[in-house]
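Visitor: Structure: input_27.cif, mmCIF, C-alpha atoms.
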data_my_file
#
loop_
_atom_site.group_PDB
_atom_site.id
_atom_site.type_symbol
_atom_site.label_atom_id
_atom_site.label_comp_id
_atom_site.auth_asym_id
_atom_site.auth_seq_id
_atom_site.Cartn_x
_atom_site.Cartn_y
_atom_site.Cartn_z
ATOM 1 C CA MET A 1 0.000 0.000 0.000
ATOM 2 C CA SER A 2 1.045 3.606 -0.553
ATOM 3 C CA LEU A 3 2.112 5.849 2.306
ATOM 4 C CA ALA A 4 0.015 8.809 3.403
ATOM 5 C CA ILE A 5 2.690 9.957 5.869
ATOM 6 C CA GLU A 6 6.429 9.494 5.975
ATOM 7 C CA THR A 7 8.739 11.443 8.251
ATOM 8 C CA ALA A 8 12.530 11.156 8.198
ATOM 9 C CA GLN A 9 14.636 12.187 11.214
ATOM 10 C CA LEU A 10 11.968 14.720 12.148
ATOM 11 C CA SER A 11 13.125 16.899 15.046
ATOM 12 C CA LYS A 12 11.796 20.053 16.666
ATOM 13 C CA LYS A 13 13.451 22.301 19.229
ATOM 14 C CA TYR A 14 12.082 25.258 21.160
ATOM 15 C CA GLY A 15 15.236 26.893 22.464
ATOM 16 C CA ASN A 16 17.117 24.160 24.295
ATOM 17 C CA ASN A 17 14.026 21.989 24.659
ATOM 18 C CA GLU A 18 13.998 19.197 22.064
ATOM 19 C CA VAL A 19 10.322 18.241 21.728
ATOM 20 C CA LEU A 20 10.746 15.764 18.853
ATOM 21 C CA ARG A 21 13.857 13.642 18.394
ATOM 22 C CA SER A 22 14.591 12.067 14.996
ATOM 23 C CA VAL A 23 11.101 10.678 14.482
ATOM 24 C CA ASP A 24 10.757 8.208 11.606
ATOM 25 C CA LEU A 25 7.039 7.569 11.177
ATOM 26 C CA LYS A 26 5.246 5.761 8.350
ATOM 27 C CA VAL A 27 1.455 5.612 8.038
ATOM 28 C CA GLN A 28 -0.250 3.777 5.211
ATOM 29 C CA THR A 29 -3.050 5.360 3.203
ATOM 30 C CA GLY A 30 -6.602 4.637 4.289
ATOM 31 C CA GLY A 31 -6.081 3.405 7.846
ATOM 32 C CA ILE A 32 -6.527 4.796 11.344
ATOM 33 C CA HIS A 33 -3.230 5.296 13.147
ATOM 34 C CA ALA A 34 -3.086 6.117 16.857
ATOM 35 C CA ILE A 35 -0.252 7.990 18.527
ATOM 36 C CA VAL A 36 -0.167 7.492 22.288
ATOM 37 C CA GLY A 37 2.125 8.618 25.067
ATOM 38 C CA PRO A 38 2.166 10.485 28.400
ATOM 39 C CA ASN A 39 1.277 14.175 28.549
ATOM 40 C CA GLY A 40 4.105 16.306 27.204
ATOM 41 C CA CYS A 41 5.622 13.546 25.083
ATOM 42 C CA GLY A 42 5.354 15.544 21.825
ATOM 43 C CA LYS A 43 2.082 14.260 20.319
ATOM 44 C CA THR A 44 0.647 17.708 19.565
ATOM 45 C CA THR A 45 3.918 18.999 18.119
ATOM 46 C CA LEU A 46 4.132 15.947 15.863
ATOM 47 C CA LEU A 47 0.598 16.434 14.536
ATOM 48 C CA LYS A 48 1.199 20.140 13.974
ATOM 49 C CA ALA A 49 4.377 19.321 12.054
ATOM 50 C CA LEU A 50 2.383 16.902 9.892
ATOM 51 C CA ALA A 51 -0.196 19.628 9.253
ATOM 52 C CA GLY A 52 2.463 22.172 8.308
ATOM 53 C CA LEU A 53 1.572 24.343 11.291
ATOM 54 C CA VAL A 54 5.002 23.847 12.910
ATOM 55 C CA GLN A 55 8.242 23.960 10.960
ATOM 56 C CA PRO A 56 10.711 21.191 11.895
ATOM 57 C CA SER A 57 14.137 22.137 13.192
ATOM 58 C CA SER A 58 15.491 19.309 11.044
ATOM 59 C CA GLY A 59 14.235 16.346 9.056
ATOM 60 C CA THR A 60 11.382 16.108 6.569
ATOM 61 C CA VAL A 61 7.661 15.398 6.381
ATOM 62 C CA ARG A 62 6.158 13.827 3.273
ATOM 63 C CA LEU A 63 2.389 13.571 2.812
ATOM 64 C CA PHE A 64 1.102 11.574 -0.149
ATOM 65 C CA ASP A 65 4.694 11.514 -1.451
ATOM 66 C CA GLU A 66 5.056 15.325 -1.404
ATOM 67 C CA VAL A 67 7.377 17.208 0.934
ATOM 68 C CA VAL A 68 5.461 19.453 3.336
ATOM 69 C CA LEU A 69 6.727 23.023 3.336
ATOM 70 C CA ASP A 70 3.754 24.905 4.781
ATOM 71 C CA GLY A 71 0.174 24.317 5.827
ATOM 72 C CA ALA A 72 -1.430 26.518 3.166
ATOM 73 C CA ALA A 73 -0.494 24.137 0.353
ATOM 74 C CA LEU A 74 -2.212 21.281 2.205
ATOM 75 C CA ARG A 75 -5.462 22.995 3.133
ATOM 76 C CA GLU A 76 -7.627 21.105 0.651
ATOM 77 C CA ARG A 77 -6.285 17.663 1.581
ATOM 78 C CA VAL A 78 -5.360 17.848 5.261
ATOM 79 C CA HIS A 79 -7.433 18.958 8.234
ATOM 80 C CA TYR A 80 -6.152 19.326 11.795
ATOM 81 C CA VAL A 81 -8.651 19.085 14.658
ATOM 82 C CA SER A 82 -7.060 20.278 17.877
ATOM 83 C CA SER A 83 -8.043 19.693 21.494
ATOM 84 C CA ASP A 84 -8.294 23.479 21.895
ATOM 85 C CA VAL A 85 -11.441 24.553 20.096
ATOM 86 C CA HIS A 86 -10.776 27.907 18.411
ATOM 87 C CA LEU A 87 -13.898 29.259 16.724
ATOM 88 C CA TYR A 88 -15.110 32.817 16.263
ATOM 89 C CA PRO A 89 -17.160 33.276 19.459
ATOM 90 C CA TYR A 90 -19.570 35.902 18.139
ATOM 91 C CA PHE A 91 -20.332 34.066 14.895
ATOM 92 C CA LYS A 92 -23.476 32.004 14.779
ATOM 93 C CA VAL A 93 -23.097 28.335 13.953
ATOM 94 C CA ARG A 94 -24.488 28.847 10.434
ATOM 95 C CA ASP A 95 -21.932 31.620 9.834
ATOM 96 C CA ILE A 96 -19.055 29.340 10.860
ATOM 97 C CA LEU A 97 -20.297 26.683 8.437
ATOM 98 C CA ARG A 98 -20.723 29.206 5.644
ATOM 99 C CA TYR A 99 -17.179 30.484 6.203
ATOM 100 C CA ALA A 100 -15.795 26.934 6.190
ATOM 101 C CA SER A 101 -17.636 26.106 2.960
ATOM 102 C CA LEU A 102 -15.882 29.019 1.248
ATOM 103 C CA LEU A 103 -12.465 27.819 2.427
ATOM 104 C CA TYR A 104 -12.762 24.269 1.174
ATOM 105 C CA PRO A 105 -13.603 23.668 -2.520
ATOM 106 C CA GLN A 106 -14.760 20.078 -1.894
ATOM 107 C CA TRP A 107 -17.254 21.096 0.799
ATOM 108 C CA ASP A 108 -20.257 18.755 0.869
ATOM 109 C CA PRO A 109 -23.453 20.594 1.935
ATOM 110 C CA ASN A 110 -25.435 17.352 2.101
ATOM 111 C CA ARG A 111 -22.895 15.864 4.516
ATOM 112 C CA GLU A 112 -23.064 19.065 6.547
ATOM 113 C CA GLU A 113 -26.841 18.769 6.915
ATOM 114 C CA LEU A 114 -26.706 15.089 7.875
ATOM 115 C CA LEU A 115 -24.057 15.722 10.529
ATOM 116 C CA MET A 116 -25.807 18.795 11.911
ATOM 117 C CA ASP A 117 -28.979 16.741 12.357
ATOM 118 C CA ALA A 118 -27.069 13.839 13.907
ATOM 119 C CA PHE A 119 -25.313 16.126 16.388
ATOM 120 C CA ARG A 120 -28.412 18.258 16.994
ATOM 121 C CA LEU A 121 -26.476 21.498 16.714
ATOM 122 C CA PRO A 122 -28.498 24.761 16.664
ATOM 123 C CA LYS A 123 -27.555 26.769 13.571
ATOM 124 C CA GLY A 124 -28.857 30.022 14.986
ATOM 125 C CA GLU A 125 -26.908 29.868 18.259
ATOM 126 C CA PRO A 126 -23.775 32.032 18.766
ATOM 127 C CA VAL A 127 -20.657 29.911 19.148
ATOM 128 C CA ARG A 128 -19.854 31.526 22.522
ATOM 129 C CA LYS A 129 -23.023 29.970 23.979
ATOM 130 C CA LEU A 130 -22.114 26.423 22.959
ATOM 131 C CA SER A 131 -20.688 23.969 25.472
ATOM 132 C CA LEU A 132 -17.192 22.576 24.923
ATOM 133 C CA GLY A 133 -18.719 19.329 23.701
ATOM 134 C CA MET A 134 -20.987 21.135 21.219
ATOM 135 C CA LYS A 135 -18.029 23.157 19.917
ATOM 136 C CA MET A 136 -16.092 19.944 19.357
ATOM 137 C CA ARG A 137 -19.075 18.485 17.506
ATOM 138 C CA LEU A 138 -19.097 21.569 15.293
ATOM 139 C CA ARG A 139 -15.390 21.089 14.582
ATOM 140 C CA MET A 140 -16.164 17.506 13.570
ATOM 141 C CA VAL A 141 -18.910 18.678 11.201
ATOM 142 C CA ILE A 142 -16.343 20.903 9.490
ATOM 143 C CA ALA A 143 -13.692 18.160 9.424
ATOM 144 C CA LEU A 144 -16.031 15.588 7.890
ATOM 145 C CA SER A 145 -17.812 17.917 5.442
ATOM 146 C CA MET A 146 -14.676 19.191 3.697
ATOM 147 C CA HIS A 147 -13.739 15.721 2.333
ATOM 148 C CA ALA A 148 -10.117 15.815 3.451
ATOM 149 C CA ASP A 149 -7.758 12.992 2.505
ATOM 150 C CA LEU A 150 -5.968 13.161 5.858
ATOM 151 C CA LEU A 151 -7.539 13.967 9.236
ATOM 152 C CA LEU A 152 -5.220 14.772 12.142
ATOM 153 C CA MET A 153 -7.166 14.419 15.391
ATOM 154 C CA ASP A 154 -5.504 15.802 18.529
ATOM 155 C CA GLU A 155 -7.481 14.561 21.574
ATOM 156 C CA ALA A 156 -10.545 15.337 19.483
ATOM 157 C CA THR A 157 -13.066 13.651 21.795
ATOM 158 C CA ASN A 158 -12.230 15.912 24.756
ATOM 159 C CA GLY A 159 -15.371 17.336 26.325
ATOM 160 C CA LEU A 160 -17.675 14.707 24.841
ATOM 161 C CA ASP A 161 -19.859 12.306 26.801
ATOM 162 C CA PRO A 162 -19.419 8.544 26.188
ATOM 163 C CA ALA A 163 -22.296 8.351 23.692
ATOM 164 C CA ALA A 164 -20.901 11.247 21.651
ATOM 165 C CA LYS A 165 -17.417 9.684 21.719
ATOM 166 C CA ASP A 166 -18.875 6.487 20.295
ATOM 167 C CA GLN A 167 -20.638 8.524 17.616
ATOM 168 C CA ILE A 168 -17.382 10.247 16.626
ATOM 169 C CA LEU A 169 -15.462 6.961 16.504
ATOM 170 C CA ASP A 170 -18.181 5.408 14.338
ATOM 171 C CA LEU A 171 -17.940 8.342 11.929
ATOM 172 C CA LEU A 172 -14.149 8.043 11.757
ATOM 173 C CA LEU A 173 -14.419 4.322 11.022
ATOM 174 C CA GLN A 174 -16.885 5.097 8.222
ATOM 175 C CA GLU A 175 -14.585 7.763 6.776
ATOM 176 C CA SER A 176 -11.680 5.329 6.720
ATOM 177 C CA ALA A 177 -13.659 2.395 5.324
ATOM 178 C CA LEU A 178 -15.879 4.141 2.759
ATOM 179 C CA ARG A 179 -13.759 7.064 1.581
ATOM 180 C CA ASP A 180 -10.251 5.664 2.165
ATOM 181 C CA VAL A 181 -9.473 8.652 4.384
ATOM 182 C CA THR A 182 -6.279 8.394 6.440
ATOM 183 C CA ILE A 183 -6.807 9.307 10.087
ATOM 184 C CA VAL A 184 -4.137 9.956 12.699
ATOM 185 C CA MET A 185 -5.465 10.294 16.231
ATOM 186 C CA ALA A 186 -3.286 11.447 19.114
ATOM 187 C CA THR A 187 -4.978 10.272 22.276
ATOM 188 C CA HIS A 188 -4.456 9.064 25.818
ATOM 189 C CA GLN A 189 -7.741 7.130 25.719
ATOM 190 C CA LEU A 190 -6.620 3.578 25.013
ATOM 191 C CA PHE A 191 -10.196 2.330 24.614
ATOM 192 C CA GLU A 192 -10.430 4.605 21.553
ATOM 193 C CA VAL A 193 -7.325 2.960 20.138
ATOM 194 C CA GLU A 194 -8.703 -0.530 20.750
ATOM 195 C CA ARG A 195 -12.037 0.390 19.198
ATOM 196 C CA ALA A 196 -10.899 2.260 16.092
ATOM 197 C CA ALA A 197 -7.193 2.044 15.260
ATOM 198 C CA ASP A 198 -5.429 -0.252 12.802
ATOM 199 C CA THR A 199 -1.913 0.685 13.909
ATOM 200 C CA ILE A 200 -0.383 2.370 16.953
ATOM 201 C CA SER A 201 2.817 4.267 17.729
ATOM 202 C CA VAL A 202 4.165 5.099 21.193
ATOM 203 C CA LEU A 203 5.878 8.448 21.669
ATOM 204 C CA LEU A 204 7.945 9.150 24.782
ATOM 205 C CA ASN A 205 10.005 12.275 25.440
ATOM 206 C CA GLY A 206 9.840 13.139 21.751
ATOM 207 C CA THR A 207 11.168 9.750 20.638
ATOM 208 C CA LEU A 208 9.170 7.185 18.688
ATOM 209 C CA LEU A 209 9.574 4.005 20.743
ATOM 210 C CA THR A 210 7.681 1.502 18.628
ATOM 211 C CA THR A 211 4.944 1.020 16.035
ATOM 212 C CA TRP A 212 2.626 -1.980 15.907
ATOM 213 C CA GLY A 213 -0.374 -3.222 13.993
ATOM 214 C CA LEU A 214 -3.232 -3.850 16.430
ATOM 215 C CA ASP A 215 -3.724 -7.392 15.124
ATOM 216 C CA ASP A 216 -0.004 -8.151 15.528
ATOM 217 C CA LEU A 217 -0.059 -6.678 19.024
ATOM 218 C CA GLN A 218 -2.893 -8.968 20.092
ATOM 219 C CA GLU A 219 -1.201 -12.009 18.565
ATOM 220 C CA GLN A 220 2.335 -11.450 19.854
ATOM 221 C CA VAL A 221 2.110 -9.667 23.227
ATOM 222 C CA HIS A 222 0.978 -11.853 26.116
ATOM 223 C CA GLU A 223 0.148 -11.620 29.792
ATOM 224 C CA VAL A 224 1.671 -14.671 31.425
ATOM 225 C CA HIS A 225 0.972 -16.013 34.903
ATOM 226 C CA THR A 226 3.443 -18.598 36.143
ATOM 227 C CA VAL A 227 4.979 -20.092 39.279
ATOM 228 C CA LEU A 228 8.764 -20.294 39.315
ATOM 229 C CA ALA A 229 11.102 -20.958 42.197
ATOM 230 C CA LYS A 230 14.190 -18.868 42.825
ATOM 231 C CA PRO A 231 16.650 -18.359 41.160
ATOM 232 C CA ALA A 232 14.685 -19.013 37.937
ATOM 233 C CA ALA A 233 12.137 -16.313 38.851
ATOM 234 C CA ASP A 234 14.922 -13.786 39.409
ATOM 235 C CA GLY A 235 16.226 -14.397 35.896
ATOM 236 C CA LEU A 236 12.913 -13.823 34.121
ATOM 237 C CA ALA A 237 13.470 -10.113 33.487
ATOM 238 C CA GLU A 238 16.630 -10.841 31.493
ATOM 239 C CA LEU A 239 14.915 -13.059 28.917
ATOM 240 C CA PRO A 240 14.308 -11.724 25.358
ATOM 241 C CA GLY A 241 10.942 -10.040 24.795
ATOM 242 C CA ILE A 242 10.177 -9.384 28.465
ATOM 243 C CA LEU A 243 8.602 -5.983 29.107
ATOM 244 C CA GLU A 244 7.680 -6.365 32.780
ATOM 245 C CA VAL A 245 7.817 -8.913 35.584
ATOM 246 C CA VAL A 246 5.688 -8.560 38.713
ATOM 247 C CA ASP A 247 6.699 -11.057 41.412
ATOM 248 C CA ASP A 248 4.545 -11.295 44.542
ATOM 249 C CA GLY A 249 6.858 -13.851 46.152
ATOM 250 C CA GLN A 250 4.675 -16.821 45.218
ATOM 251 C CA SER A 251 3.920 -16.315 41.519
ATOM 252 C CA GLN A 252 4.984 -14.123 38.624
ATOM 253 C CA THR A 253 2.945 -12.031 36.184
ATOM 254 C CA VAL A 254 4.871 -11.252 33.021
ATOM 255 C CA THR A 255 4.214 -9.034 30.000
ATOM 256 C CA TRP A 256 6.008 -10.890 27.244
ATOM 257 C CA ILE A 257 6.478 -10.407 23.489
ATOM 258 C CA SER A 258 6.898 -13.916 22.134
ATOM 259 C CA PRO A 259 4.847 -16.742 20.536
ATOM 260 C CA PRO A 260 2.816 -18.578 23.203
ATOM 261 C CA ASP A 261 4.276 -21.977 22.318
ATOM 262 C CA GLU A 262 7.785 -20.614 22.830
ATOM 263 C CA ILE A 263 6.800 -19.000 26.141
ATOM 264 C CA GLY A 264 5.306 -22.235 27.450
ATOM 265 C CA ARG A 265 8.278 -24.346 26.320
ATOM 266 C CA LEU A 266 10.800 -21.986 27.929
ATOM 267 C CA LEU A 267 8.955 -21.680 31.242
ATOM 268 C CA ARG A 268 8.547 -25.431 31.580
ATOM 269 C CA SER A 269 12.259 -25.892 30.855
ATOM 270 C CA MET A 270 12.885 -23.502 33.763
ATOM 271 C CA GLY A 271 10.791 -25.671 36.091
ATOM 272 C CA ALA A 272 7.501 -23.741 36.084
ATOM 273 C CA ASP A 273 4.762 -25.491 38.096
ATOM 274 C CA TYR A 274 1.993 -23.467 36.440
ATOM 275 C CA VAL A 275 1.702 -21.561 33.158
ATOM 276 C CA ASP A 276 -1.276 -19.484 31.966
ATOM 277 C CA ILE A 277 -0.882 -17.446 28.765
ATOM 278 C CA LYS A 278 -3.403 -14.989 27.344
ATOM 279 C CA PRO A 279 -3.254 -11.972 25.006
ATOM 280 C CA ALA A 280 -2.235 -8.808 26.829
ATOM 281 C CA SER A 281 -4.601 -5.838 26.768
ATOM 282 C CA ILE A 282 -3.425 -2.691 25.021
ATOM 283 C CA ASP A 283 -3.381 -0.925 28.374
ATOM 284 C CA ARG A 284 -1.166 -3.596 29.964
ATOM 285 C CA TRP A 285 1.233 -3.562 27.011
ATOM 286 C CA PHE A 286 1.407 0.244 27.083
ATOM 287 C CA GLN A 287 1.947 0.522 30.830
ATOM 288 C CA SER A 288 4.554 -2.266 30.793
ATOM 289 C CA LEU A 289 6.390 -0.579 27.922
ATOM 290 C CA LEU A 290 6.488 2.737 29.796
ATOM 291 C CA LYS A 291 7.742 1.034 32.969
ATOM 292 C CA LYS A 292 10.502 -0.631 30.989
ATOM 293 C CA GLU A 293 11.472 2.873 29.811
ATOM 294 C CA GLY A 294 11.463 4.166 33.400
ATOM 295 C CA VAL A 295 8.061 5.870 33.441
ATOM 296 C CA SER A 296 4.958 4.917 35.425
ATOM 297 C CA SER A 297 1.754 6.961 35.171
ATOM 298 C CA GLY A 298 3.800 9.898 33.969
ATOM 299 C CA LYS A 299 6.287 9.634 36.867
ATOM 300 C CA ILE A 300 9.872 8.433 36.955
ATOM 301 C CA VAL A 301 10.181 4.912 38.379
ATOM 302 C CA LEU A 302 12.988 4.562 40.899
ATOM 303 C CA PRO A 303 15.056 1.351 40.925
ATOM 304 C CA GLN A 304 14.014 -1.363 43.357
ATOM 305 C CA ARG A 305 17.387 -1.135 45.037
ATOM 306 C CA ALA A 306 19.373 1.474 46.901
ATOM 307 C CA VAL A 307 20.892 4.229 44.794
ATOM 308 C CA LEU A 308 24.490 4.786 45.915
#
Could you quickly redo this structure as structure tokens?
Guide:
Amino acid sequence: MSLAIETAQLSKKYGNNEVLRSVDLKVQTGGIHAIVGPNGCGKTTLLKALAGLVQPSSGTVRLFDEVVLDGAALRERVHYVSSDVHLYPYFKVRDILRYASLLYPQWDPNREELLMDAFRLPKGEPVRKLSLGMKMRLRMVIALSMHADLLLMDEATNGLDPAAKDQILDLLLQESALRDVTIVMATHQLFEVERAADTISVLLNGTLLTTWGLDDLQEQVHEVHTVLAKPAADGLAELPGILEVVDDGQSQTVTWISPPDEIGRLLRSMGADYVDIKPASIDRWFQSLLKKEGVSSGKIVLPQRAVL
């Protein structure tokens, strides 16, 4: 398949603060790609660089095999939906839609009407009187009515209730499946990733740690419960593919990237009395990966031994 996005050694500095570090990202055309990571990891900067709203300090961004130089050249094909909803507060909803229709040549008025009815947005209401959730719905109407080829969604379900989030995710799945739209969603809501994404990348401190297909992740990453005696249990963490070992003194819970047959064979060769292997959840994989990198719930994890 062709690539919608390809970055090469993409870096961005603000003064001495390096927000993105040599990011090499590839996203295929027509899928939904999730970018996840703790707050402050560089997700928003990365999406803005893809949209041409932020100029890289070094490296390149290619969209649909064209080098991105500025956002204006991409306006008809790329739309960025930010978590901060910036709309003209004294415009009425109908005025915002009229303005948007003039900006985008491929604007679809029929799609606009369908979405406005689905979201129950009042056309005659001033934007300043809308709730945050209603403003985000209005942003989604604009994003989905302009027929973009690439949608960049930055925490775009913020402020929405669970039913509205489901509605947005359903619409994004339809866009991807029916119109071959490429969607990149930066989010910290892993249930959104599990529900909608085809592929996922983890960003930490501006560095792209890993990229997986969701199907591959479910097939290859496992949560393993076993019972090993010392010293075999102490050596678990050093085995290939281990992301995390939790030892309660009687049994071990392991997040492990390896085929299940190989896991079972290896544990039994180490004298395991009990082995239970099941696919790891996305949340467990993500949290185990962060802990392996020294981060837990956004905090630095101290070693389990004295620091001299």
Visitor: With only C-alpha atoms as the basis for distance, which of A:Leu20, A:Leu25, A:Ala232, A:Leu169 is at the shortest distance from A:Ala4?
Guide: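 Ranked by minimum distance to A:Ala4, first place goes to A:Leu25.
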Visitor: Rank nothing, just name the residue among A:Thr199, A:Asn158, A:Thr226, A:Thr29 nearest to A:Ser131, using only C-alpha atoms.
Guide: A:Asn158
Visitor: Determine the nearest neighbour of A:Leu243 from the options A:Val227, A:Val221, A:Leu171, A:Met153, counting all atoms listed in the file.
Guide: A:Val221
Visitor: What does the PyMOL selection byres ((chain A and resi 34-40) around 8) select in this file, as an MDAnalysis selection string?
Guide: chainID A and resid 32:33 41:43 184:188 193 197:205 297:298
Visitor: Residues within 7 Å of A:Phe64, please, as a list in words. Count only C-alpha atoms; anything in the same chain fewer than 2 positions from it doesn't count.
Guide: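 In the requested format, the answer is Leu3, Ala4, Ile5, Arg62 and Glu66 of chain A.
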Visitor: For A:Tyr90, which of A:Arg284, A:Arg137, A:Lys12, A:Lys129 is the closest residue, counting all atoms listed in the file?
Guide: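 Using all atoms listed in the file, the shortest distance to A:Tyr90 belongs to A:Lys129.
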Visitor: Name every residue that the PyMOL selection byres ((chain A and resi 144) around 12) selects in this structure, writing the answer as a PyMOL selection string with chains first and numbers rising.
Guide: chain A and resi 77-81+97+100-101+104+106-116+137-143+145-153+168+171-176+179+181+183
Visitor: Using only C-alpha atoms, find the one residue out of A:Ser83, A:Gln28, A:Thr182, A:Thr207 that sits nearest to A:Leu46.
Guide: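 Nearest candidate to A:Leu46 out of A:Ser83, A:Gln28, A:Thr182, A:Thr207: A:Thr207.
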Visitor: Skip A:Val23 itself and residues of its chain fewer than 2 positions away, then list as a ChimeraX atom specification all residues within 7 Å of it, counting only C-alpha atoms.
Guide: /A:7-11,20-21,25,207-208
Visitor: When you draw a straight line from atom CA of A:Leu87 to atom CA of A:Ala51, how long is it in Å?
Guide: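 It comes out at 18.3 Å.
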Visitor: Under the rule that all atoms listed in the file are counted, which of A:Tyr99, A:Lys92, A:Leu290, A:Asp161 is the nearest residue to A:Arg128?
Guide: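 Ranked by minimum distance to A:Arg128, first place goes to A:Lys92.
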Visitor: If the box runs along x, y and z of the file and leaves 4 Å on each side of stretch 210-216 of chain A, what are its centre and edge lengths in Å, one decimal, as AutoDock Vina command-line options?
Guide:
--center_x 2.0 --center_y -3.3 --center_z 16.3 --size_x 19.4 --size_y 17.7 --size_z 12.6
Visitor: One number please: atom CA of A:Pro162 to atom CA of A:Asp216, in Å, one decimal.
Guide: 27.7 Å
Visitor: Rounded to one decimal, what separation in Å do you get between atom CA of A:Pro240 and atom CA of A:Val254?
Guide: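 Going from atom CA of A:Pro240 over to atom CA of A:Val254 covers 12.2 Å.
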Visitor: Written as a VMD selection string, which residues does the PyMOL selection byres ((chain A and resi 292) around 12) give for the file shown?
Guide: chain A and resid 204 209 237 to 238 241 to 245 255 to 256 285 to 291 293 to 296 300 to 303
Visitor: With all atoms listed in the file counted, which protein, DNA or RNA residues have an atom no more than 12 Å from (6.1, -11.1, 42.8) in the file frame? Please answer as number ranges by chain.
Guide: A: 225-230, 233-234, 236-237, 244-254
Visitor: With N, CA and C atoms as the goal, would you fill in the gaps in stretch 132-143 of chain A and present it as a PDB file, in the frame of the given file?
Guide:
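The file below, selection_6.pdb, is the result:
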ATOM      1  N   LEU A 132     -18.421  23.085  25.526  1.00  0.00           N
ATOM      2  CA  LEU A 132     -17.192  22.576  24.923  1.00  0.00           C
ATOM      3  C   LEU A 132     -17.494  21.376  24.024  1.00  0.00           C
ATOM      4  N   GLY A 133     -18.368  20.491  24.503  1.00  0.00           N
ATOM      5  CA  GLY A 133     -18.719  19.329  23.701  1.00  0.00           C
ATOM      6  C   GLY A 133     -19.407  19.699  22.402  1.00  0.00           C
ATOM      7  N   MET A 134     -20.292  20.694  22.437  1.00  0.00           N
ATOM      8  CA  MET A 134     -20.987  21.135  21.219  1.00  0.00           C
ATOM      9  C   MET A 134     -20.009  21.805  20.251  1.00  0.00           C
ATOM     10  N   LYS A 135     -19.046  22.553  20.787  1.00  0.00           N
ATOM     11  CA  LYS A 135     -18.029  23.157  19.917  1.00  0.00           C
ATOM     12  C   LYS A 135     -17.195  22.083  19.227  1.00  0.00           C
ATOM     13  N   MET A 136     -16.858  21.017  19.967  1.00  0.00           N
ATOM     14  CA  MET A 136     -16.092  19.944  19.357  1.00  0.00           C
ATOM     15  C   MET A 136     -16.906  19.226  18.294  1.00  0.00           C
ATOM     16  N   ARG A 137     -18.208  19.077  18.538  1.00  0.00           N
ATOM     17  CA  ARG A 137     -19.075  18.485  17.506  1.00  0.00           C
ATOM     18  C   ARG A 137     -19.081  19.353  16.248  1.00  0.00           C
ATOM     19  N   LEU A 138     -19.118  20.659  16.434  1.00  0.00           N
ATOM     20  CA  LEU A 138     -19.097  21.569  15.293  1.00  0.00           C
ATOM     21  C   LEU A 138     -17.787  21.439  14.525  1.00  0.00           C
ATOM     22  N   ARG A 139     -16.681  21.300  15.237  1.00  0.00           N
ATOM     23  CA  ARG A 139     -15.390  21.089  14.582  1.00  0.00           C
ATOM     24  C   ARG A 139     -15.402  19.793  13.772  1.00  0.00           C
ATOM     25  N   MET A 140     -16.078  18.774  14.286  1.00  0.00           N
ATOM     26  CA  MET A 140     -16.164  17.506  13.570  1.00  0.00           C
ATOM     27  C   MET A 140     -17.035  17.632  12.317  1.00  0.00           C
ATOM     28  N   VAL A 141     -18.091  18.431  12.397  1.00  0.00           N
ATOM     29  CA  VAL A 141     -18.910  18.678  11.201  1.00  0.00           C
ATOM     30  C   VAL A 141     -18.046  19.280  10.102  1.00  0.00           C
ATOM     31  N   ILE A 142     -17.229  20.261  10.472  1.00  0.00           N
ATOM     32  CA  ILE A 142     -16.343  20.903   9.490  1.00  0.00           C
ATOM     33  C   ILE A 142     -15.339  19.890   8.941  1.00  0.00           C
ATOM     34  N   ALA A 143     -14.721  19.116   9.839  1.00  0.00           N
ATOM     35  CA  ALA A 143     -13.692  18.160   9.424  1.00  0.00           C
ATOM     36  C   ALA A 143     -14.239  17.121   8.461  1.00  0.00           C
TER      37      ALA A 143
END
